[in-house]
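K.L.:
My structure is below; once you've seen it, I'll send some questions.
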Amino acid sequence: MKKLIYSIICLFLLSGCMAKKSAAGEGLDYKDSHLSKVDPDLVDWKTKDLEYWKSVLSPIQFNVTREAGTERAFTGKYWDNKKEGVYICSNCGQHLFLSSTKFKSGTGWPSFYDTISKGAVSKIVDSKFGMSRTEIICSRCGAHLGHVFDDGPRPTGLRYCMNSVSLIHVPNKKK
Ligand SMILES: [Zn+2]
């Protein structure tokens with residue numbers, strides 16, 4: 001009887017741990033994402049439809065990157081991340097930002113003053129909500145990443161205000 005109770009408690013604890021892991025994971029680590037199962041540079045990401053994205057992304061990733069949503073400030077994984085490395089697109093793996101251009105903006109979203117290269121992102125004028133803003137999307141797969149504003153620090157004066165779920169941080173040594 002004691003053994004039975006013990007195993008029930010163990011099972012209960014184990015399932016609790018697993019539930020926590022999948023909730024916090026959100027497919028945000030490279031190794032847990034769909035990108036780790038393919039060579040991201042060989043896939044024609046532009047041909048992927050919404051059904052595909054729904055099947056490989058977490059609900060919040062899908063909402064932000066494919067429906068131009070915004071994660072709540074101070075809730076994302078990377079707004080306060082100070083680790084070195086490269087930030088890639090969470091949808092297609094394209095390299096987007098270097099940690100060396102990340103700065104503390106106080107907004108609650110990961111903010112960068114420059115992209116990793118000129119062609120990494122595309123800009124679209126976004127006039128939703130009666131405001132004229134510049135939306136930033138991944139140039140390779142069209143994922144919505146965030147917006148860019150002109151109140152950033154030197155040397156560019158730009159503030160790329162990104163959603164954590166649009167990005168995956170890859171530490172320097174791994175990739
Ligand atoms: Zn992308």
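Letters for chains follow the order of the structure tokens (A, B, ...), residue numbers begin at 1 for each chain, and ligand numbers begin at 1 in the order shown.
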May I have a table of the residues of chain A lying at most 10 Å from ligand 1, giving each one's closest pair of atoms and their distance in Å to one decimal, counting only C-alpha atoms and all ligand atoms, ordered by chain and ascending residue number, as a Markdown table?
P.N.:
| residue | atom | partner | partner_atom_place_in_ligand_line | distance |
| --- | --- | --- | --- | --- |
| A:Pro40 | CA | ligand 1 | 1 (Zn) | 9.5 |
| A:Trp45 | CA | ligand 1 | 1 (Zn) | 7.6 |
| A:Lys46 | CA | ligand 1 | 1 (Zn) | 9.0 |
| A:Thr65 | CA | ligand 1 | 1 (Zn) | 9.0 |
| A:Ile88 | CA | ligand 1 | 1 (Zn) | 7.8 |
| A:Cys89 | CA | ligand 1 | 1 (Zn) | 4.6 |
| A:Ser90 | CA | ligand 1 | 1 (Zn) | 6.6 |
| A:Asn91 | CA | ligand 1 | 1 (Zn) | 4.9 |
| A:Cys92 | CA | ligand 1 | 1 (Zn) | 4.1 |
| A:Gly93 | CA | ligand 1 | 1 (Zn) | 6.0 |
| A:Gln94 | CA | ligand 1 | 1 (Zn) | 5.5 |
| A:His95 | CA | ligand 1 | 1 (Zn) | 8.5 |
| A:Leu96 | CA | ligand 1 | 1 (Zn) | 8.7 |
| A:Ala120 | CA | ligand 1 | 1 (Zn) | 8.8 |
| A:Val121 | CA | ligand 1 | 1 (Zn) | 8.7 |
| A:Ile137 | CA | ligand 1 | 1 (Zn) | 7.8 |
| A:Cys138 | CA | ligand 1 | 1 (Zn) | 4.6 |
| A:Ser139 | CA | ligand 1 | 1 (Zn) | 6.6 |
| A:Arg140 | CA | ligand 1 | 1 (Zn) | 5.1 |
| A:Cys141 | CA | ligand 1 | 1 (Zn) | 4.2 |
| A:Gly142 | CA | ligand 1 | 1 (Zn) | 6.0 |
| A:Ala143 | CA | ligand 1 | 1 (Zn) | 5.4 |
| A:His144 | CA | ligand 1 | 1 (Zn) | 8.5 |
| A:Leu145 | CA | ligand 1 | 1 (Zn) | 8.7 |
| A:Ser166 | CA | ligand 1 | 1 (Zn) | 8.4 |
| A:Leu167 | CA | ligand 1 | 1 (Zn) | 9.0 |
K.L.:
Export, as a short mmCIF file (atom, residue, chain, number, x, y, z; two decimals), in the first residue's frame, the selected residues with N, CA and C atoms.
P.N.:
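Contents of part.cif, as written:
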data_model
loop_
_atom_site.label_atom_id
_atom_site.label_comp_id
_atom_site.auth_asym_id
_atom_site.auth_seq_id
_atom_site.Cartn_x
_atom_site.Cartn_y
_atom_site.Cartn_z
N PRO A 40 17.49 25.00 -41.88
CA PRO A 40 16.67 26.19 -42.15
C PRO A 40 17.08 26.95 -43.40
N TRP A 45 10.83 28.92 -47.20
CA TRP A 45 9.89 29.32 -46.15
C TRP A 45 8.72 30.13 -46.69
N LYS A 46 8.94 30.84 -47.79
CA LYS A 46 7.86 31.70 -48.32
C LYS A 46 6.66 30.89 -48.81
N THR A 65 3.64 36.23 -34.75
CA THR A 65 4.39 36.25 -36.01
C THR A 65 3.51 36.15 -37.26
N ILE A 88 17.88 34.80 -33.83
CA ILE A 88 17.41 34.36 -35.15
C ILE A 88 15.88 34.41 -35.18
N CYS A 89 15.33 34.34 -36.39
CA CYS A 89 13.87 34.34 -36.55
C CYS A 89 13.33 33.01 -36.00
N SER A 90 12.32 33.07 -35.14
CA SER A 90 11.78 31.84 -34.54
C SER A 90 10.99 31.02 -35.56
N ASN A 91 10.67 31.63 -36.70
CA ASN A 91 9.91 30.91 -37.73
C ASN A 91 10.80 30.23 -38.75
N CYS A 92 11.88 30.91 -39.19
CA CYS A 92 12.68 30.36 -40.28
C CYS A 92 14.17 30.27 -39.99
N GLY A 93 14.62 30.78 -38.85
CA GLY A 93 16.03 30.64 -38.49
C GLY A 93 16.96 31.67 -39.10
N GLN A 94 16.41 32.63 -39.84
CA GLN A 94 17.30 33.66 -40.41
C GLN A 94 17.94 34.49 -39.29
N HIS A 95 19.22 34.80 -39.45
CA HIS A 95 19.92 35.60 -38.45
C HIS A 95 19.43 37.05 -38.54
N LEU A 96 19.04 37.62 -37.40
CA LEU A 96 18.41 38.94 -37.41
C LEU A 96 19.17 40.00 -36.61
N ALA A 120 18.29 41.59 -43.67
CA ALA A 120 17.68 40.62 -42.75
C ALA A 120 16.19 40.85 -42.52
N VAL A 121 15.80 42.12 -42.50
CA VAL A 121 14.39 42.44 -42.25
C VAL A 121 13.85 43.34 -43.35
N ILE A 137 9.33 42.99 -40.51
CA ILE A 137 9.09 41.56 -40.74
C ILE A 137 10.40 40.88 -41.18
N CYS A 138 10.46 39.59 -40.99
CA CYS A 138 11.61 38.82 -41.44
C CYS A 138 11.58 38.79 -42.97
N SER A 139 12.72 39.11 -43.60
CA SER A 139 12.73 39.18 -45.07
C SER A 139 12.66 37.80 -45.71
N ARG A 140 12.95 36.75 -44.95
CA ARG A 140 12.96 35.41 -45.54
C ARG A 140 11.62 34.70 -45.45
N CYS A 141 10.88 34.92 -44.38
CA CYS A 141 9.63 34.16 -44.22
C CYS A 141 8.41 35.04 -43.98
N GLY A 142 8.63 36.34 -43.81
CA GLY A 142 7.51 37.26 -43.63
C GLY A 142 6.95 37.29 -42.21
N ALA A 143 7.63 36.67 -41.26
CA ALA A 143 7.13 36.68 -39.87
C ALA A 143 7.12 38.10 -39.33
N HIS A 144 6.04 38.46 -38.63
CA HIS A 144 6.00 39.76 -37.95
C HIS A 144 6.95 39.70 -36.76
N LEU A 145 7.84 40.69 -36.68
CA LEU A 145 8.82 40.69 -35.58
C LEU A 145 8.52 41.78 -34.56
N SER A 166 9.10 36.07 -31.40
CA SER A 166 9.51 36.11 -32.81
C SER A 166 10.96 35.71 -32.97
N LEU A 167 11.67 35.63 -31.84
CA LEU A 167 13.11 35.40 -31.87
C LEU A 167 13.48 34.11 -31.14
#
K.L.:
Any idea what's packed within 10 Å of range 101-106 of chain A, counting only C-alpha atoms, ignoring anything in its chain fewer than 5 positions away? Could you give it as a ChimeraX atom specification?
P.N.:
/A:73-74,79-82,84,87,111-116,151-153,159-161
K.L.:
Do a neighbour search on Lys123 in chain A at 7 Å with only C-alpha atoms, toss out local chain neighbours closer than 3 positions, and write the hits as a PDB file with C-alpha atoms, in the first residue's frame.
P.N.:
ATOM      1  CA  THR A 134       6.955  51.008 -39.280  1.00  0.00           C
ATOM      2  CA  GLU A 135       6.407  47.281 -38.969  1.00  0.00           C
ATOM      3  CA  ILE A 136       9.415  44.977 -39.153  1.00  0.00           C
ATOM      4  CA  ILE A 137       9.091  41.557 -40.739  1.00  0.00           C
TER       5      ILE A 137
END
K.L.:
Could you tell me how far CA of Asp126 in chain A sits from CA of Ser33 in chain A, in Å to one decimal place?
P.N.:
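Interatomic distance, CA of Ser33 in chain A to CA of Asp126 in chain A: 29.1 Å.
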K.L.:
Using only C-alpha atoms, which of A:Lys77, A:Ser132, A:Val165, A:His34 sits nearest Phe149 in chain A?
P.N.:
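Closest to Phe149 in chain A, using only C-alpha atoms: A:Ser132.
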K.L.:
Report as a PyMOL selection string: the residues of range 63-98 of chain A with a DSSP assignment of helix (DSSP H, G or I), based on the backbone of this structure.
P.N.:
chain A and resi 63-67
K.L.:
From a backbone DSSP assignment, name each residue in range 50-120 of chain A labelled strand (DSSP E), as a PyMOL selection string.
P.N.:
chain A and resi 85-89+95-98+102-103+111-112
K.L.:
Restricting it to C-alpha atoms, dump the selection as a tab-separated table (two decimals), in the first residue's frame.
P.N.:
chain	number	residue	atom	x	y	z
A	85	GLY	CA	24.90	35.42	-29.09
A	86	VAL	CA	22.74	35.86	-32.13
A	87	TYR	CA	18.97	36.30	-32.30
A	88	ILE	CA	17.41	34.36	-35.15
A	89	CYS	CA	13.87	34.34	-36.55
A	95	HIS	CA	19.92	35.60	-38.45
A	96	LEU	CA	18.41	38.94	-37.41
A	97	PHE	CA	20.19	40.65	-34.50
A	98	LEU	CA	23.43	40.44	-32.55
A	102	LYS	CA	20.78	44.95	-27.79
A	103	PHE	CA	20.17	47.73	-25.29
A	111	SER	CA	15.27	46.18	-28.18
A	112	PHE	CA	18.14	46.53	-30.64
